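Asks: To start, I am sharing the structure in question, which I have written as structure tokens.
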Amino acid sequence: MKNYRTKKLALAGVLCAVAVVGSMFITFPVLGSKCSPTQHMVNVLCAVLLGPGYGAGAAFAASLLRNLLGVGSIVAFPGSMCGALLCGLIYQKTRNIPATLAGETAGTGFLGGLAAYPLALAFLDPAVIPAAFYGYVVPFLISTVAGSLLAGALVFALRKSGTLKNMQAALEH
């Protein structure tokens, strides 16, 4: 049991690092947020390989590190964590990749976008805060759709080659 958790924790750490490093190279600013499609790709990979708890934990750690390194903003927390949790729960219940991708998009784009507004009001410069409560939905949707498409291509390639099944089996023993 201990070895099982150690493997999952190690992979969560590696995927967290991928999200942080990816955000240093692939990011675009929108309304005070720094959108990073790599984070959404990592959320889906965590959902498929680790489950919702580890996915939300990795998303939190990546958001924290991105903020500490100055390559993220406070609104990264609800965006990444809502998406990771929802797509992890959907994959856990359905084992359906397209539904998981849709869960990441809905979780980050809609739930995370709406949850970002109160944080933006509290912590960001008023000049960059959109006037509307739903102002973060569109930028978060743009970012998560791009990341989900990347993740979908990667997960389908891993599944087709049989590697996905081997990775999942290695994490269960």
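Every chain in the structure tokens takes a letter, A first, then B, and so on in the order presented; its residues are numbered from 1, and the ligands are numbered from 1 following the presented order.
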Within 12 Å of range 45-53 of chain A, which residues of range 64-83 of chain A come that close, and what is the closest atom pair and distance in Å for each? Count only C-alpha atoms and give it as a Markdown table.
Replies:
| residue | atom | partner | partner_atom | distance |
| --- | --- | --- | --- | --- |
| A:Ser80 | CA | A:Cys46 | CA | 11.8 |
| A:Met81 | CA | A:Pro52 | CA | 9.7 |
| A:Cys82 | CA | A:Pro52 | CA | 10.1 |
| A:Gly83 | CA | A:Pro52 | CA | 9.7 |
Asks: Do a neighbour search on range 84-96 of chain A at 10 Å with only C-alpha atoms, toss out local chain neighbours closer than 6 positions, and write the hits as a ChimeraX atom specification.
Replies: /A:39-60,78,102-108,111
Asks: Take the selection from the previous step and output its residues with C-alpha atoms, as a compact mmCIF listing (two decimals), in the first residue's frame.
Replies:
# COMPACT_ATOMS: atom_id res chain seq x y z
CA GLN A 39 -1.93 23.07 -16.76
CA HIS A 40 -5.10 21.74 -18.35
CA MET A 41 -3.21 19.01 -20.18
CA VAL A 42 -1.69 17.99 -16.83
CA ASN A 43 -5.13 18.04 -15.18
CA VAL A 44 -6.41 15.48 -17.69
CA LEU A 45 -3.30 13.31 -17.34
CA CYS A 46 -3.72 13.38 -13.55
CA ALA A 47 -7.39 12.43 -13.92
CA VAL A 48 -6.57 9.45 -16.12
CA LEU A 49 -3.53 8.24 -14.20
CA LEU A 50 -3.97 9.36 -10.59
CA GLY A 51 -7.57 10.27 -9.79
CA PRO A 52 -9.35 13.40 -8.60
CA GLY A 53 -7.60 13.83 -5.24
CA TYR A 54 -4.08 13.68 -6.60
CA GLY A 55 -5.15 15.80 -9.58
CA ALA A 56 -6.54 18.58 -7.40
CA GLY A 57 -3.45 18.38 -5.18
CA ALA A 58 -1.09 18.63 -8.15
CA ALA A 59 -3.13 21.56 -9.52
CA PHE A 60 -2.90 23.35 -6.17
CA PRO A 78 -9.78 28.03 -8.77
CA ALA A 102 -15.45 17.96 -21.33
CA GLY A 103 -15.19 17.84 -17.53
CA GLU A 104 -11.87 19.66 -17.62
CA THR A 105 -13.33 22.29 -19.93
CA ALA A 106 -16.47 22.79 -17.83
CA GLY A 107 -14.63 22.65 -14.53
CA THR A 108 -11.98 25.17 -15.48
CA LEU A 111 -16.73 26.75 -12.49
Asks: Which polymer residues have any atom within 9 Å of an atom of Glu172 in chain A, counting only C-alpha atoms, with same-chain residues fewer than 5 positions away left out, as a VMD selection string?
Replies: chain A and resid 4 7 to 8 167
Asks: Between A:Cys16, A:Cys35, A:Ile74, A:Ala62, which has the minimum distance to Asp125 in chain A (counting only C-alpha atoms)?
Replies: A:Ile74
Asks: Can you pull out every residue within 7 Å of Leu114 in chain A, counting only C-alpha atoms, but drop anything in the same chain fewer than 4 positions away, and send it as a ChimeraX atom specification?
Replies: /A:110,133-134,136-137
Asks: Go through range 43-135 of chain A and collect every residue that DSSP, computed from the backbone, puts in helix (DSSP H, G or I); the answer should be as a PyMOL selection string.
Replies: chain A and resi 43-49+52-69+76-94+97-123+126-128
Asks: If we count only C-alpha atoms, what is near range 63-65 of chain A at a cut-off of 7 Å, once residues fewer than 4 positions away on the same chain are taken out, given as a list in words?
Replies: Val20, Ala59, Leu69, Gly72, Ala76 and Phe77 of chain A
Asks: Can you write out the residues you just picked, keeping N, CA and C atoms, as a short mmCIF file (atom, residue, chain, number, x, y, z; two decimals), in the first residue's frame?
Replies:
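out.cif, freshly written:
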data_model
loop_
_atom_site.label_atom_id
_atom_site.label_comp_id
_atom_site.auth_asym_id
_atom_site.auth_seq_id
_atom_site.Cartn_x
_atom_site.Cartn_y
_atom_site.Cartn_z
N VAL A 20 4.29 23.56 -14.21
CA VAL A 20 5.01 24.78 -13.85
C VAL A 20 5.98 25.18 -14.96
N ALA A 59 -2.71 20.26 -8.99
CA ALA A 59 -3.13 21.56 -9.52
C ALA A 59 -2.88 22.66 -8.50
N LEU A 69 6.81 31.79 -8.36
CA LEU A 69 7.80 32.09 -9.40
C LEU A 69 7.42 33.29 -10.27
N GLY A 72 2.36 32.96 -12.66
CA GLY A 72 0.93 32.69 -12.51
C GLY A 72 0.28 33.82 -11.76
N ALA A 76 -5.25 31.41 -10.78
CA ALA A 76 -4.86 30.07 -11.22
C ALA A 76 -5.42 29.00 -10.29
N PHE A 77 -5.59 29.33 -9.02
CA PHE A 77 -6.05 28.33 -8.05
C PHE A 77 -7.44 27.78 -8.39
#
Asks: Tell me, which residues of range 7-85 of chain A carry DSSP strand (DSSP E or B), written as a PyMOL selection string?
Replies: chain A and resi 28-30+33-35
Asks: Mind giving me the straight-line distance from CA of Gln168 in chain A to CA of Ile142 in chain A in Å, one decimal?
Replies: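 Computed distance, CA of Gln168 in chain A to CA of Ile142 in chain A, equals 29.3 Å.
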Asks: Between A:Pro139, A:Gly162, A:Gly109, A:Gly147, which residue has the minimum interatomic distance to Ser23 in chain A, considering only C-alpha atoms?
Replies: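 For Ser23 in chain A, the nearest of the candidates is A:Gly147.
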Asks: Write out as a list in words each polymer residue whose atoms come within 10 Å of range 24-27 of chain A, counting only C-alpha atoms; drop sequence neighbours fewer than 6 positions from it.
Replies: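 Counting only C-alpha atoms, the residues come to Val18, Ser33, Lys34, Cys35, Ser36, Pro37, Thr38, Gln39, Arg66, Leu69, Gly70, Val71, Gly72 and Ser143 of chain A.
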Asks: Could those residues be written to a file, using all heavy atoms, as a tab-separated table (two decimals), in the first residue's frame?
Replies:
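The result, stored in part.tsv:
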chain	number	residue	atom	x	y	z
A	18	VAL	N	5.80	19.54	-14.72
A	18	VAL	CA	5.49	19.78	-16.14
A	18	VAL	C	4.58	21.00	-16.28
A	18	VAL	O	4.79	21.84	-17.16
A	18	VAL	CB	4.83	18.53	-16.78
A	18	VAL	CG1	4.24	18.84	-18.15
A	18	VAL	CG2	5.84	17.40	-16.88
A	33	SER	N	-5.18	37.43	-15.57
A	33	SER	CA	-4.82	36.02	-15.40
A	33	SER	C	-3.71	35.69	-16.40
A	33	SER	O	-3.52	36.39	-17.38
A	33	SER	CB	-6.02	35.11	-15.63
A	33	SER	OG	-6.44	35.16	-16.97
A	34	LYS	N	-2.99	34.65	-16.09
A	34	LYS	CA	-1.94	34.17	-17.00
A	34	LYS	C	-2.34	32.76	-17.40
A	34	LYS	O	-2.07	31.80	-16.68
A	34	LYS	CB	-0.58	34.21	-16.31
A	34	LYS	CG	-0.15	35.62	-15.97
A	34	LYS	CD	1.18	35.63	-15.25
A	34	LYS	CE	1.56	37.06	-14.89
A	34	LYS	NZ	2.80	37.12	-14.12
A	35	CYS	N	-3.00	32.65	-18.54
A	35	CYS	CA	-3.55	31.37	-18.98
A	35	CYS	C	-2.44	30.44	-19.44
A	35	CYS	O	-1.55	30.83	-20.17
A	35	CYS	CB	-4.55	31.60	-20.11
A	35	CYS	SG	-5.96	32.58	-19.60
A	36	SER	N	-2.52	29.20	-19.00
A	36	SER	CA	-1.50	28.20	-19.31
A	36	SER	C	-2.16	26.89	-19.74
A	36	SER	O	-2.60	26.10	-18.90
A	36	SER	CB	-0.62	27.95	-18.08
A	36	SER	OG	0.32	26.94	-18.35
A	37	PRO	N	-2.23	26.63	-21.04
A	37	PRO	CA	-2.84	25.40	-21.52
A	37	PRO	C	-2.16	24.13	-20.99
A	37	PRO	O	-2.79	23.09	-20.85
A	37	PRO	CB	-2.71	25.48	-23.04
A	37	PRO	CG	-2.52	26.92	-23.33
A	37	PRO	CD	-1.83	27.51	-22.15
A	38	THR	N	-0.88	24.22	-20.66
A	38	THR	CA	-0.16	23.06	-20.14
A	38	THR	C	-0.80	22.56	-18.86
A	38	THR	O	-0.87	21.36	-18.61
A	38	THR	CB	1.32	23.40	-19.89
A	38	THR	OG1	1.86	23.98	-21.07
A	38	THR	CG2	2.12	22.17	-19.52
A	39	GLN	N	-1.28	23.47	-18.01
A	39	GLN	CA	-1.93	23.07	-16.76
A	39	GLN	C	-3.14	22.19	-17.03
A	39	GLN	O	-3.38	21.21	-16.33
A	39	GLN	CB	-2.36	24.30	-15.95
A	39	GLN	CG	-3.10	23.96	-14.67
A	39	GLN	CD	-2.22	23.25	-13.66
A	39	GLN	OE1	-1.19	23.76	-13.27
A	39	GLN	NE2	-2.63	22.06	-13.24
A	66	ARG	N	3.63	28.38	-9.44
A	66	ARG	CA	3.55	29.39	-10.50
A	66	ARG	C	3.45	30.79	-9.90
A	66	ARG	O	4.07	31.72	-10.40
A	66	ARG	CB	2.36	29.11	-11.42
A	66	ARG	CG	2.56	27.90	-12.33
A	66	ARG	CD	1.33	27.56	-13.15
A	66	ARG	NE	0.94	28.68	-13.99
A	66	ARG	CZ	-0.29	28.91	-14.38
A	66	ARG	NH1	-1.28	28.12	-14.01
A	66	ARG	NH2	-0.57	29.94	-15.15
A	69	LEU	N	6.81	31.79	-8.36
A	69	LEU	CA	7.80	32.09	-9.40
A	69	LEU	C	7.42	33.29	-10.27
A	69	LEU	O	8.20	33.69	-11.13
A	69	LEU	CB	8.01	30.85	-10.30
A	69	LEU	CG	8.65	29.64	-9.61
A	69	LEU	CD1	8.57	28.42	-10.51
A	69	LEU	CD2	10.09	29.95	-9.22
A	70	GLY	N	6.24	33.82	-10.08
A	70	GLY	CA	5.81	34.99	-10.85
A	70	GLY	C	5.31	34.67	-12.24
A	70	GLY	O	5.19	35.57	-13.08
A	71	VAL	N	4.99	33.41	-12.51
A	71	VAL	CA	4.48	33.04	-13.84
A	71	VAL	C	2.99	32.66	-13.79
A	71	VAL	O	2.46	32.13	-14.74
A	71	VAL	CB	5.31	31.91	-14.50
A	71	VAL	CG1	6.71	32.37	-14.80
A	71	VAL	CG2	5.33	30.66	-13.62
A	72	GLY	N	2.36	32.96	-12.66
A	72	GLY	CA	0.93	32.69	-12.51
A	72	GLY	C	0.28	33.82	-11.76
A	72	GLY	O	0.94	34.77	-11.35
A	143	SER	N	-8.09	28.85	-22.72
A	143	SER	CA	-6.94	28.12	-22.21
A	143	SER	C	-7.23	26.64	-22.03
A	143	SER	O	-6.45	25.78	-22.43
A	143	SER	CB	-6.51	28.74	-20.88
A	143	SER	OG	-5.37	28.10	-20.37
Asks: CA of Thr6 in chain A and CA of Ala61 in chain A are how many Å apart?
Replies: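 Separation between CA of Thr6 in chain A and CA of Ala61 in chain A: 16.8 Å.
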Asks: Provide the CA of Leu154 in chain A to CA of Val138 in chain A distance in Å, to one decimal place.
Replies: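 So the two atoms, CA of Leu154 in chain A and CA of Val138 in chain A, lie 24.4 Å apart.
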